[in-house]
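J.: I have a structure I would like to understand better, so I am pasting it below and will then ask my questions one at a time.
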Amino acid sequence: MVNKTLATCKEAVAGVFDGATILLGGFGDPGLPGQILEALRLQGAKNLTVVHNGSGGGTHSLGGLIHDGKVRKLIASFPSNPGNMSFQEKYLKGEIELELVPQGTLAERIRAAGAGLGGFFTPTGAGTDLAAGKETRVLDGREMVFEKALHADFAFVRAYRGDRLGNLNYRMAMRNFNVPMATAAKFVVAEIDELVPVGGIDPEDVHTPGIFVDHVVEVVRHPEYLKITTEGR
Amino acid sequence: MVNKTLATCKEAVAGVFDGATILLGGFGDPGLPGQILEALRLQGAKNLTVVHNGSGGGTHSLGGLIHDGKVRKLIASFPSNPGNMSFQEKYLKGEIELELVPQGTLAERIRAAGAGLGGFFTPTGAGTDLAAGKETRVLDGREMVFEKALHADFAFVRAYRGDRLGNLNYRMAMRNFNVPMATAAKFVVAEIDELVPVGGIDPEDVHTPGIFVDHVVEVVRHPEYLKITTEGR
Amino acid sequence: MSLTREGIAYRVASELPDGSYVNLGIGIPTLVSSFIGPNKEVFFHSENGILGMGPLAQPGHEDPDLVNAGKQYVTLLPGASVFDHPTSFSMIRGGHVDYAVLGALEVAANGDLANWRTPGEKVPGVGGAMDLAFGVRNVIVTMTHITNKGKPKILSKCTLPLTAPHCVTHIFTDMAVIDVTPEGLVLREVAPGLDPKTIQSHTEAPLRVSPNCKEMNVPANFLAAPAAR
Amino acid sequence: MSLTREGIAYRVASELPDGSYVNLGIGIPTLVSSFIGPNKEVFFHSENGILGMGPLAQPGHEDPDLVNAGKQYVTLLPGASVFDHPTSFSMIRGGHVDYAVLGALEVAANGDLANWRTPGEKVPGVGGAMDLAFGVRNVIVTMTHITNKGKPKILSKCTLPLTAPHCVTHIFTDMAVIDVTPEGLVLREVAPGLDPKTIQSHTEAPLRVSPNCKEMNVPANFLAAPAAR
């Protein structure tokens with residue numbers, strides 16, 4: 001019988017090796033696999049290339065990974081949030097490399113990798129500094145930039161419900177980068193709020209089918225998360 | 001107040017002009033906008049380019065459009081079903097042009113158009129007759145073929161539920177080509193089983209957000225459809 | 001007189017047609033949603049995967065899984081939908097979003113937009129700004145007409161790195177409403193009490209004055225003395 | 001003895017590992033799903049947007065919105081999901097589907113597959129065949145070993161237009177199980193009563209006989225006299 005459940009986040013990150021490329025889902029808190037990230041920070045792998053919309057913050061989770069010097073390179077669209085001091089310090093000291101990618105291009109490059117495509121032409125960025133040196137051609141009457149698929153060794157995502165087959169369902173704005181990221185890595189683990197029996201997610205409500213997912217790990221939301229719901233932020 | 005509902009399928013096709021390119025959703029019966037198609041056949045526009053997975057059959061709906069000589073060109077992946085006599089006869093007489101596209105490439109070309117991308121590289125078809133004369137390059141270690149976005153003037157799709165804002169929800173295997181097609185034409189109309197009040201589709205169950213849809217038209221399923229459910233086929 | 005930030009947002013809100021799909025950037029643009037009256041439906045898009053976004057969540061009623069692109073807790077209106085990033089940026093890049101309302105550092109007479117990289121900025125970040133500027137049909141810029149050092153932001157040519165060339169269609173400032181046309185910038189409205197000559201004096205790029213140029217219709221509580229700038 | 005169509009399907013079914021994701025083509029491949037025993041879970045994918053497909057619907061219980069790639073009314077098993085074409089072909093082309101079981105007209109020693117265009121065919125159709133052949137890691141071909149005119153289908157080089165080069169990994173026929181390896185075709189199993197020499201005589205491409213080559217383990221009711229071919 002197929003059983004993709006893991007008991008702990010520690011198991012989820014056990015295989016991460018030095019130099020690995022990691023897709024991290026989430027946009028802000030929704031869909032961020034915060035507890036897997038914290039386990040990853042404690043696991044100790046280094047020289048990581050991390051793909052995420054932002055750069056995290058604080059000293060735990062993604063911000064912590066960066067703070068601890070485990071991230072060699074960040075591929076992101078908006079790493080410049082004023083709260084993300086660790087990234088900014090390391091970046092200004094030249095201790096972390098940054099590949100800055102427009103948000104839609106970042107999502108599409110990840111999707112392309114999961115979909116087996118080699119790359120695509122997008123109008124976004126043509127003629128700007130972010131397309132400097134990139135191949136362009138005119139398609140549908142517009143100048144477009146060639147962007148390559150972005151593959152990874154690991155993807156860590158966060159969903160709301162999951163089952164032992166790896167089927168995932170997201171709440172509200174949790175889907176964001178998680179849906180494409182779950183398709184684009186060799187090893188995919190989802191942090192979930194609730195493990196449900198097979199059939200517990202309606203076939204029409206499966207947002208990430210289990211074929212894309214290697215493991216699910218059920219966690220209790222971190223108090224920080226719960227605080228938000230009751231106190232605001 | 002926004003109201004995208006139409007009273008009849010006739011209104012849905014009123015604007016179709018000679019020489020138009022039309023995306024037709026559906027795969028087999030599920031998701032096929034059969035009654036809009038029948039209205040289109042009666043409307044009389046000709047020299048149409050039709051994009052659909054197959055070639056229809058019989059003398060109504062898509063098969064009828066072809067039978068009546070309204071289709072100049074078909075862009076399809078599987079037009080060769082033995083039942084589709086009209087297409088086969090016209091094709092063998094040279095009265096209809098065929099652009100044969102692998103099914104996944106067809107879906108992706110339509111999606112690319114809706115997503116504002118100019119084209120993409122896919123491994124599918126590299127080195128075969130269907131990629132003859134097409135640009136190729138090696139990406140991710142594989143030979144890949146360049147395929148262009150496929151735009152259209154009209155898209156006709158079929159969904160299960162819809163609201164006056166154009167939000168659509170599909171049942172079971174109805175999504176197929178409808179989801180990408182609804183994004184890729186200048187004018188998009190959905191045939192639906194049930195018009196529900198705004199808010200009647202849960203935000204997480206909207207499969208085609210209303211931003212992509214110009215109109216919805218509620219229809220009672222054709223008896224042919226109902227026959228299938230009670231008698232099988 | 002010049003418009004307050006709320007005044008600019010109010011004026012933009014009255015410009016958005018019934019049934020339009022609109023993405024609001026951070027800053028003044030965020031304020032626009034408050035000024036859509038009850039007589040029209042405007043659908044707000046957030047690039048992290050929301051269409052039909054409602055007001056900010058009331059304190060104590062935040063949904064932890066529902067934030068906007070600025071990471072604020074928001075609500076959904078009836079008829080809203082949620083989706084993933086590829087779908088969200090298909091809406092933007094595919095030309096389905098009708099209006100993007102964005103802040104700007106500089107706008108050029110040809111519609112070039114610079115809003116993603118300031119000169120002194122040490123860490124760059126682009127987010128969805130380029131996708132919006134390249135993908136959306138109508139790009140409305142909202143900003144103060146001049147910098148806080150009194151320098152014009154509407155220029156013959158941008159000096160900062162571009163977000164996108166030829167993308168801005170309308171400029172709404174505390175002083176004026178300006179359309180970007182193939183023939184250059186056209187002054188369509190002026191703030192109450194200001195005249196076209198004054199606007200031109202604060203604008204580096206040449207302005208043509210529309211034959212229909214008029215004073216903006218903005219409630220008095222959204223107006224400030226020029227000194228307030 | 002040789003295997004019936006059901007026999008070939010039975011043998012393929014026993015090859016599919018627990019937990020594998022499998023797309024079945026039309027013809028003999030469709031029969032495979034009937035022979036997955038209760039001791040393993042195999043997930044069937046249909047390219048029109050279904051994962052976790054169950055058996056054909058019982059007459060009178062068809063769901064009009066649920067067909068498979070062959071347009072037959074099907075059912076869903078618990079844990080199934082439905083999705084659109086782009087997602088479905090992301091699964092195929094992106095290498096997420098573990099096995100494709102396909103029919104073939106010709107297979108070459110290097111794994112080249114020809115199964116989409118017959119010589120006399122007047123109207124071409126490709127469907128999802130190329131996406132499957134290019135995208136899926138393990139491509140299992142099921143077919144009769146020779147044509148109904150007695151000619152071999154396993155050739156040194158395909159004569160018909162290719163579906164994909166170098167894609168076939170395993171060949172299951174009524175006579176044999178053959179693996180496609182970098183060193184060429186390796187005969188792994190023979191039908192009961194047949195010997196490698198007989199198989200080679202019906203195979204144009206050269207076969208290496210695996211040191212572990214053995215008789216197929218197939219129930220007697222799935223075997224037919226060679227004359228039945």
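Here's how to read the names in the structure tokens: chain A, B, ... by the order shown, residue numbers from 1 in each chain, ligand numbers from 1 in the order shown.
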Can you pull out the residues contacting range 140-157 of chain C? Cut-off 7 Å, using only C-alpha atoms, and skip same-chain residues under 3 positions away; I want them as a list in words.

T.: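 In the requested format, the answer is Ile28, Pro29, Tyr99, Ala100, Val101, Leu102, Gly103, Ala104, Leu105, Glu106, Val107, Ala108, Ala109, Val168, Thr169, His170, Ile171, Phe172, Thr173, Asp174, Met175, His202, Thr203, Glu204 and Ala205 of chain C.
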
J.: Taking only C-alpha atoms into account, which residues of chain C are within 7 Å of chain B, as an mmCIF file with all heavy atoms, in the first residue's frame?

T.:
```cif
data_model
loop_
_atom_site.group_PDB
_atom_site.id
_atom_site.type_symbol
_atom_site.label_atom_id
_atom_site.label_comp_id
_atom_site.auth_asym_id
_atom_site.auth_seq_id
_atom_site.Cartn_x
_atom_site.Cartn_y
_atom_site.Cartn_z
ATOM 1 N N GLY C 19 -17.265 47.107 -14.250
ATOM 2 C CA GLY C 19 -16.902 45.804 -14.806
ATOM 3 C C GLY C 19 -15.438 45.644 -15.131
ATOM 4 O O GLY C 19 -15.041 44.615 -15.686
ATOM 5 N N TYR C 21 -11.346 45.059 -14.599
ATOM 6 C CA TYR C 21 -10.458 44.238 -13.770
ATOM 7 C C TYR C 21 -9.185 45.033 -13.538
ATOM 8 O O TYR C 21 -8.549 45.473 -14.502
ATOM 9 C CB TYR C 21 -10.158 42.916 -14.468
ATOM 10 C CG TYR C 21 -11.409 42.076 -14.645
ATOM 11 C CD1 TYR C 21 -12.194 42.162 -15.781
ATOM 12 C CD2 TYR C 21 -11.819 41.222 -13.627
ATOM 13 C CE1 TYR C 21 -13.359 41.403 -15.916
ATOM 14 C CE2 TYR C 21 -12.970 40.463 -13.748
ATOM 15 C CZ TYR C 21 -13.743 40.563 -14.894
ATOM 16 O OH TYR C 21 -14.884 39.813 -15.000
ATOM 17 N N LYS C 40 -20.955 50.972 -9.256
ATOM 18 C CA LYS C 40 -20.249 50.152 -10.258
ATOM 19 C C LYS C 40 -19.520 49.010 -9.569
ATOM 20 O O LYS C 40 -19.230 49.072 -8.369
ATOM 21 C CB LYS C 40 -19.314 50.998 -11.110
ATOM 22 C CG LYS C 40 -18.184 51.682 -10.390
ATOM 23 C CD LYS C 40 -17.405 52.575 -11.361
ATOM 24 C CE LYS C 40 -16.278 53.299 -10.638
ATOM 25 N NZ LYS C 40 -15.622 54.294 -11.507
ATOM 26 N N GLU C 41 -19.265 47.971 -10.385
ATOM 27 C CA GLU C 41 -18.502 46.831 -9.893
ATOM 28 C C GLU C 41 -17.128 46.862 -10.534
ATOM 29 O O GLU C 41 -17.004 46.822 -11.756
ATOM 30 C CB GLU C 41 -19.195 45.518 -10.275
ATOM 31 C CG GLU C 41 -20.484 45.237 -9.516
ATOM 32 C CD GLU C 41 -21.106 43.917 -9.944
ATOM 33 O OE1 GLU C 41 -21.450 43.773 -11.125
ATOM 34 O OE2 GLU C 41 -21.250 43.043 -9.078
ATOM 35 N N PRO C 78 -18.178 38.504 -2.743
ATOM 36 C CA PRO C 78 -18.905 37.453 -3.466
ATOM 37 C C PRO C 78 -18.494 37.448 -4.939
ATOM 38 O O PRO C 78 -18.341 38.513 -5.544
ATOM 39 C CB PRO C 78 -20.374 37.867 -3.313
ATOM 40 C CG PRO C 78 -20.406 38.721 -2.085
ATOM 41 C CD PRO C 78 -19.084 39.434 -2.063
ATOM 42 N N GLY C 79 -18.294 36.245 -5.482
ATOM 43 C CA GLY C 79 -17.871 36.134 -6.871
ATOM 44 C C GLY C 79 -16.357 36.120 -7.037
ATOM 45 O O GLY C 79 -15.853 36.098 -8.158
ATOM 46 N N ALA C 80 -15.640 36.137 -5.924
ATOM 47 C CA ALA C 80 -14.176 36.103 -5.971
ATOM 48 C C ALA C 80 -13.689 34.713 -6.374
ATOM 49 O O ALA C 80 -14.439 33.730 -6.328
ATOM 50 C CB ALA C 80 -13.594 36.476 -4.612
ATOM 51 N N SER C 81 -12.418 34.657 -6.771
ATOM 52 C CA SER C 81 -11.781 33.375 -7.035
ATOM 53 C C SER C 81 -10.331 33.427 -6.575
ATOM 54 O O SER C 81 -9.745 34.497 -6.470
ATOM 55 C CB SER C 81 -11.854 33.013 -8.523
ATOM 56 O OG SER C 81 -11.393 34.081 -9.330
ATOM 57 N N VAL C 82 -9.781 32.253 -6.274
ATOM 58 C CA VAL C 82 -8.368 32.132 -5.888
ATOM 59 C C VAL C 82 -7.701 31.136 -6.826
ATOM 60 O O VAL C 82 -8.349 30.212 -7.317
ATOM 61 C CB VAL C 82 -8.201 31.692 -4.419
ATOM 62 C CG1 VAL C 82 -8.712 32.770 -3.484
ATOM 63 C CG2 VAL C 82 -8.903 30.367 -4.147
ATOM 64 N N SER C 90 -0.827 34.755 -15.913
ATOM 65 C CA SER C 90 -1.476 34.646 -17.227
ATOM 66 C C SER C 90 -2.478 35.770 -17.383
ATOM 67 O O SER C 90 -2.602 36.359 -18.461
ATOM 68 C CB SER C 90 -2.197 33.305 -17.368
ATOM 69 O OG SER C 90 -1.272 32.252 -17.460
ATOM 70 N N MET C 91 -3.193 36.082 -16.315
ATOM 71 C CA MET C 91 -4.136 37.192 -16.352
ATOM 72 C C MET C 91 -3.430 38.511 -16.657
ATOM 73 O O MET C 91 -3.909 39.326 -17.440
ATOM 74 C CB MET C 91 -4.870 37.320 -15.015
ATOM 75 C CG MET C 91 -5.797 36.162 -14.707
ATOM 76 S SD MET C 91 -6.566 36.365 -13.079
ATOM 77 C CE MET C 91 -7.472 34.812 -12.969
ATOM 78 N N ARG C 93 -0.026 39.038 -17.807
ATOM 79 C CA ARG C 93 0.804 39.067 -19.017
ATOM 80 C C ARG C 93 -0.020 38.843 -20.279
ATOM 81 O O ARG C 93 0.324 39.321 -21.361
ATOM 82 C CB ARG C 93 1.885 37.988 -18.878
ATOM 83 C CG ARG C 93 3.093 38.142 -19.718
ATOM 84 C CD ARG C 93 4.037 37.002 -19.386
ATOM 85 N NE ARG C 93 3.246 35.802 -19.163
ATOM 86 C CZ ARG C 93 3.423 34.950 -18.167
ATOM 87 N NH1 ARG C 93 4.394 35.098 -17.315
ATOM 88 N NH2 ARG C 93 2.627 33.909 -18.043
ATOM 89 N N GLY C 94 -1.127 38.093 -20.123
ATOM 90 C CA GLY C 94 -1.977 37.792 -21.271
ATOM 91 C C GLY C 94 -2.932 38.908 -21.642
ATOM 92 O O GLY C 94 -3.742 38.749 -22.552
ATOM 93 N N GLY C 95 -2.855 40.028 -20.939
ATOM 94 C CA GLY C 95 -3.674 41.181 -21.305
ATOM 95 C C GLY C 95 -5.109 41.108 -20.814
ATOM 96 O O GLY C 95 -5.974 41.819 -21.325
ATOM 97 N N HIS C 96 -5.371 40.288 -19.818
ATOM 98 C CA HIS C 96 -6.743 40.143 -19.322
ATOM 99 C C HIS C 96 -7.094 41.179 -18.254
ATOM 100 O O HIS C 96 -8.261 41.522 -18.089
ATOM 101 C CB HIS C 96 -6.950 38.727 -18.793
ATOM 102 C CG HIS C 96 -6.566 37.671 -19.788
ATOM 103 N ND1 HIS C 96 -7.358 37.351 -20.854
ATOM 104 C CD2 HIS C 96 -5.461 36.907 -19.908
ATOM 105 C CE1 HIS C 96 -6.766 36.403 -21.583
ATOM 106 N NE2 HIS C 96 -5.607 36.123 -21.026
#
```

J.: Compute the chain A side of the contact with chain B at 10 Å, counting only C-alpha atoms, and hand it back as an MDAnalysis selection string.

T.: chainID A and resid 108 112:113 115:124 137:151 169:173 203:205 207

J.: Those residues with N, CA and C atoms, as a short mmCIF file (atom, residue, chain, number, x, y, z; two decimals), in the first residue's frame please?

T.:
```
data_model
loop_
_atom_site.label_atom_id
_atom_site.label_comp_id
_atom_site.auth_asym_id
_atom_site.auth_seq_id
_atom_site.Cartn_x
_atom_site.Cartn_y
_atom_site.Cartn_z
N GLU A 108 6.58 31.07 -14.14
CA GLU A 108 6.47 30.36 -15.42
C GLU A 108 7.69 29.49 -15.68
N ALA A 112 7.37 25.60 -16.33
CA ALA A 112 7.95 24.99 -17.53
C ALA A 112 8.77 23.75 -17.17
N ALA A 113 9.54 23.85 -16.09
CA ALA A 113 10.34 22.70 -15.67
C ALA A 113 9.43 21.52 -15.34
N ALA A 115 6.53 20.95 -16.41
CA ALA A 115 5.76 20.53 -17.59
C ALA A 115 6.65 19.94 -18.68
N GLY A 116 7.94 19.81 -18.42
CA GLY A 116 8.84 19.20 -19.40
C GLY A 116 9.18 20.09 -20.57
N LEU A 117 8.95 21.38 -20.43
CA LEU A 117 9.30 22.33 -21.49
C LEU A 117 10.70 22.87 -21.23
N GLY A 118 11.41 23.24 -22.29
CA GLY A 118 12.77 23.72 -22.13
C GLY A 118 12.86 25.19 -21.81
N GLY A 119 11.88 25.95 -22.27
CA GLY A 119 11.88 27.38 -22.04
C GLY A 119 10.80 28.02 -22.86
N PHE A 120 10.70 29.34 -22.76
CA PHE A 120 9.59 30.05 -23.42
C PHE A 120 10.01 31.50 -23.69
N PHE A 121 9.22 32.15 -24.53
CA PHE A 121 9.43 33.57 -24.80
C PHE A 121 8.34 34.39 -24.12
N THR A 122 8.77 35.38 -23.34
CA THR A 122 7.84 36.26 -22.63
C THR A 122 8.16 37.71 -22.95
N PRO A 123 7.13 38.55 -23.05
CA PRO A 123 7.40 39.97 -23.27
C PRO A 123 8.02 40.64 -22.05
N THR A 124 7.76 40.10 -20.86
CA THR A 124 8.18 40.77 -19.63
C THR A 124 9.69 40.98 -19.58
N ARG A 137 13.43 37.79 -29.44
CA ARG A 137 12.91 37.75 -30.81
C ARG A 137 11.51 38.35 -30.81
N VAL A 138 11.08 38.77 -31.99
CA VAL A 138 9.75 39.35 -32.11
C VAL A 138 8.74 38.23 -32.40
N LEU A 139 7.75 38.13 -31.55
CA LEU A 139 6.68 37.14 -31.72
C LEU A 139 5.36 37.85 -31.48
N ASP A 140 4.33 37.49 -32.26
CA ASP A 140 3.04 38.17 -32.14
C ASP A 140 3.21 39.69 -32.13
N GLY A 141 4.22 40.17 -32.86
CA GLY A 141 4.41 41.61 -33.00
C GLY A 141 5.09 42.30 -31.83
N ARG A 142 5.58 41.52 -30.88
CA ARG A 142 6.22 42.13 -29.71
C ARG A 142 7.61 41.54 -29.50
N GLU A 143 8.50 42.34 -28.95
CA GLU A 143 9.80 41.80 -28.59
C GLU A 143 9.65 40.93 -27.36
N MET A 144 10.20 39.72 -27.44
CA MET A 144 10.07 38.80 -26.31
C MET A 144 11.44 38.25 -25.91
N VAL A 145 11.55 37.89 -24.63
CA VAL A 145 12.80 37.43 -24.03
C VAL A 145 12.72 35.92 -23.83
N PHE A 146 13.80 35.22 -24.14
CA PHE A 146 13.84 33.78 -23.90
C PHE A 146 14.21 33.50 -22.45
N GLU A 147 13.39 32.69 -21.81
CA GLU A 147 13.63 32.30 -20.41
C GLU A 147 13.63 30.78 -20.30
N LYS A 148 14.56 30.25 -19.54
CA LYS A 148 14.70 28.79 -19.44
C LYS A 148 13.92 28.20 -18.27
N ALA A 149 13.58 26.95 -18.43
CA ALA A 149 12.95 26.19 -17.35
C ALA A 149 13.88 26.17 -16.14
N LEU A 150 13.28 26.20 -14.96
CA LEU A 150 14.04 26.22 -13.71
C LEU A 150 13.75 24.96 -12.90
N HIS A 151 14.66 24.02 -12.96
CA HIS A 151 14.51 22.73 -12.28
C HIS A 151 15.17 22.76 -10.89
N ASN A 169 -4.69 19.73 -1.25
CA ASN A 169 -5.71 20.76 -1.40
C ASN A 169 -5.23 21.99 -0.63
N TYR A 170 -5.41 23.16 -1.25
CA TYR A 170 -4.96 24.41 -0.62
C TYR A 170 -6.17 25.26 -0.23
N ARG A 171 -6.01 26.05 0.81
CA ARG A 171 -7.03 27.03 1.20
C ARG A 171 -6.67 28.39 0.61
N MET A 172 -7.68 29.14 0.21
CA MET A 172 -7.54 30.57 -0.10
C MET A 172 -6.30 30.90 -0.96
N ALA A 173 -5.43 31.75 -0.48
CA ALA A 173 -4.30 32.20 -1.29
C ALA A 173 -3.04 31.35 -1.09
N PRO A 203 -12.35 14.64 -5.84
CA PRO A 203 -11.47 14.67 -7.04
C PRO A 203 -11.40 16.05 -7.69
N GLU A 204 -12.46 16.82 -7.57
CA GLU A 204 -12.46 18.17 -8.17
C GLU A 204 -11.76 19.20 -7.29
N ASP A 205 -11.42 18.82 -6.07
CA ASP A 205 -10.75 19.75 -5.15
C ASP A 205 -9.27 19.44 -4.95
N HIS A 207 -5.81 20.06 -5.85
CA HIS A 207 -5.12 21.11 -6.60
C HIS A 207 -3.73 20.66 -7.05
#
```

J.: Pick from C:Gln58, C:Arg137, C:Ala69, C:Pro86: nearest to chain D, with only C-alpha atoms counted?

T.: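 With only C-alpha atoms as the atom set, the closest residue is C:Pro86.
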
J.: May I have all residues of range 18-220 of chain A that DSSP, computed from the backbone, assigns to helix (DSSP H, G or I), given as a ChimeraX atom specification?

T.: /A:34-43,61-67,85-92,103-114,129-131,172-174,178-181,203-205,210-212

J.: Write out as a PDB file with C-alpha atoms, in the first residue's frame all residues of range 7-229 of chain D that backbone DSSP assigns to strand (DSSP E or B).

T.:
```
ATOM      1  CA  TYR D  21       1.476   5.982 -12.312  1.00  0.00           C
ATOM      2  CA  VAL D  22       0.478   4.483 -15.628  1.00  0.00           C
ATOM      3  CA  ASN D  23      -1.104   5.673 -18.864  1.00  0.00           C
ATOM      4  CA  LEU D  24      -2.767   2.984 -20.959  1.00  0.00           C
ATOM      5  CA  PHE D  43      -2.796   4.745 -10.545  1.00  0.00           C
ATOM      6  CA  PHE D  44      -4.175   5.075 -14.053  1.00  0.00           C
ATOM      7  CA  HIS D  45      -3.857   8.351 -15.885  1.00  0.00           C
ATOM      8  CA  SER D  46      -6.064   9.413 -18.775  1.00  0.00           C
ATOM      9  CA  ILE D  50      -7.995  12.020 -14.933  1.00  0.00           C
ATOM     10  CA  LEU D  51      -5.664  10.406 -12.428  1.00  0.00           C
ATOM     11  CA  GLY D  52      -6.895   7.413 -10.433  1.00  0.00           C
ATOM     12  CA  MET D  53      -9.258   6.155 -13.098  1.00  0.00           C
ATOM     13  CA  GLY D  54     -11.294   3.070 -12.202  1.00  0.00           C
ATOM     14  CA  PRO D  55     -13.053   0.467 -14.370  1.00  0.00           C
ATOM     15  CA  LEU D  56     -15.496   1.286 -17.150  1.00  0.00           C
ATOM     16  CA  VAL D  67     -14.879   9.643 -20.239  1.00  0.00           C
ATOM     17  CA  TYR D  73     -17.456   6.172 -19.826  1.00  0.00           C
ATOM     18  CA  VAL D  74     -15.287   5.426 -16.835  1.00  0.00           C
ATOM     19  CA  THR D  75     -15.302   5.663 -13.055  1.00  0.00           C
ATOM     20  CA  LEU D  76     -13.013   7.214 -10.451  1.00  0.00           C
ATOM     21  CA  LEU D  77     -11.364   5.370  -7.592  1.00  0.00           C
ATOM     22  CA  PRO D  78     -11.006   6.940  -4.137  1.00  0.00           C
ATOM     23  CA  GLY D  79      -8.068   9.351  -4.227  1.00  0.00           C
ATOM     24  CA  ALA D  80      -8.655  10.263  -7.868  1.00  0.00           C
ATOM     25  CA  SER D  81      -8.290  13.764  -9.251  1.00  0.00           C
ATOM     26  CA  VAL D  82      -9.486  15.614 -12.347  1.00  0.00           C
ATOM     27  CA  ASP D  84      -7.280  20.320 -17.374  1.00  0.00           C
ATOM     28  CA  TYR D  99       4.790   3.960 -17.464  1.00  0.00           C
ATOM     29  CA  ALA D 100       3.046   4.356 -20.792  1.00  0.00           C
ATOM     30  CA  VAL D 101       1.635   1.125 -22.206  1.00  0.00           C
ATOM     31  CA  LEU D 102       1.150   1.586 -25.938  1.00  0.00           C
ATOM     32  CA  GLY D 103       0.356  -0.402 -29.011  1.00  0.00           C
ATOM     33  CA  GLU D 106       6.916  -1.288 -35.487  1.00  0.00           C
ATOM     34  CA  VAL D 107       9.660  -1.114 -32.867  1.00  0.00           C
ATOM     35  CA  ALA D 108      13.343  -0.840 -33.710  1.00  0.00           C
ATOM     36  CA  LEU D 113       8.643   3.534 -32.027  1.00  0.00           C
ATOM     37  CA  ALA D 114       6.224   3.789 -34.948  1.00  0.00           C
ATOM     38  CA  ASN D 138       9.174   3.714 -19.260  1.00  0.00           C
ATOM     39  CA  VAL D 139       7.420   3.045 -22.534  1.00  0.00           C
ATOM     40  CA  ILE D 140       6.039  -0.480 -22.706  1.00  0.00           C
ATOM     41  CA  VAL D 141       4.909  -1.667 -26.104  1.00  0.00           C
ATOM     42  CA  THR D 142       2.244  -4.374 -26.298  1.00  0.00           C
ATOM     43  CA  MET D 143       1.521  -6.022 -29.628  1.00  0.00           C
ATOM     44  CA  ILE D 146       4.277 -10.460 -36.059  1.00  0.00           C
ATOM     45  CA  PRO D 152       8.085  -9.224 -37.976  1.00  0.00           C
ATOM     46  CA  ILE D 154      10.509  -5.770 -34.271  1.00  0.00           C
ATOM     47  CA  LEU D 155      12.999  -4.456 -36.776  1.00  0.00           C
ATOM     48  CA  ALA D 164       9.465   9.050 -31.143  1.00  0.00           C
ATOM     49  CA  VAL D 168      10.638   2.108 -26.022  1.00  0.00           C
ATOM     50  CA  THR D 169      12.050   0.431 -22.938  1.00  0.00           C
ATOM     51  CA  HIS D 170      10.142  -2.880 -22.926  1.00  0.00           C
ATOM     52  CA  ILE D 171       8.277  -4.969 -25.500  1.00  0.00           C
ATOM     53  CA  PHE D 172       5.564  -7.402 -24.448  1.00  0.00           C
ATOM     54  CA  THR D 173       4.197  -9.617 -27.235  1.00  0.00           C
ATOM     55  CA  ALA D 176       8.104 -12.827 -25.668  1.00  0.00           C
ATOM     56  CA  VAL D 177       9.187 -10.145 -23.251  1.00  0.00           C
ATOM     57  CA  ILE D 178      12.087  -8.107 -24.625  1.00  0.00           C
ATOM     58  CA  ASP D 179      14.014  -5.278 -22.960  1.00  0.00           C
ATOM     59  CA  VAL D 180      15.502  -2.454 -24.991  1.00  0.00           C
ATOM     60  CA  THR D 181      18.993  -1.813 -23.634  1.00  0.00           C
ATOM     61  CA  GLY D 184      20.333  -3.747 -28.101  1.00  0.00           C
ATOM     62  CA  LEU D 185      17.350  -6.025 -27.569  1.00  0.00           C
ATOM     63  CA  VAL D 186      17.539  -8.540 -24.753  1.00  0.00           C
ATOM     64  CA  LEU D 187      15.133 -11.490 -24.680  1.00  0.00           C
ATOM     65  CA  ARG D 188      13.983 -11.818 -21.102  1.00  0.00           C
ATOM     66  CA  GLU D 189      11.027 -14.221 -21.311  1.00  0.00           C
ATOM     67  CA  VAL D 190       9.467 -16.557 -23.863  1.00  0.00           C
ATOM     68  CA  LEU D 207      18.145 -10.540 -29.988  1.00  0.00           C
ATOM     69  CA  ARG D 208      20.559 -11.248 -27.181  1.00  0.00           C
ATOM     70  CA  VAL D 209      19.243 -13.915 -24.889  1.00  0.00           C
ATOM     71  CA  SER D 210      19.359 -12.954 -21.241  1.00  0.00           C
ATOM     72  CA  PRO D 211      21.243 -15.471 -19.071  1.00  0.00           C
ATOM     73  CA  ASN D 212      18.116 -15.452 -16.911  1.00  0.00           C
ATOM     74  CA  CYS D 213      15.721 -15.958 -19.816  1.00  0.00           C
ATOM     75  CA  LYS D 214      12.745 -18.011 -18.693  1.00  0.00           C
ATOM     76  CA  GLU D 215       9.225 -18.990 -19.620  1.00  0.00           C
ATOM     77  CA  LEU D 223      -2.600 -19.149 -23.761  1.00  0.00           C
ATOM     78  CA  ALA D 224      -3.588 -20.116 -27.296  1.00  0.00           C
TER      79      ALA D 224
END
```
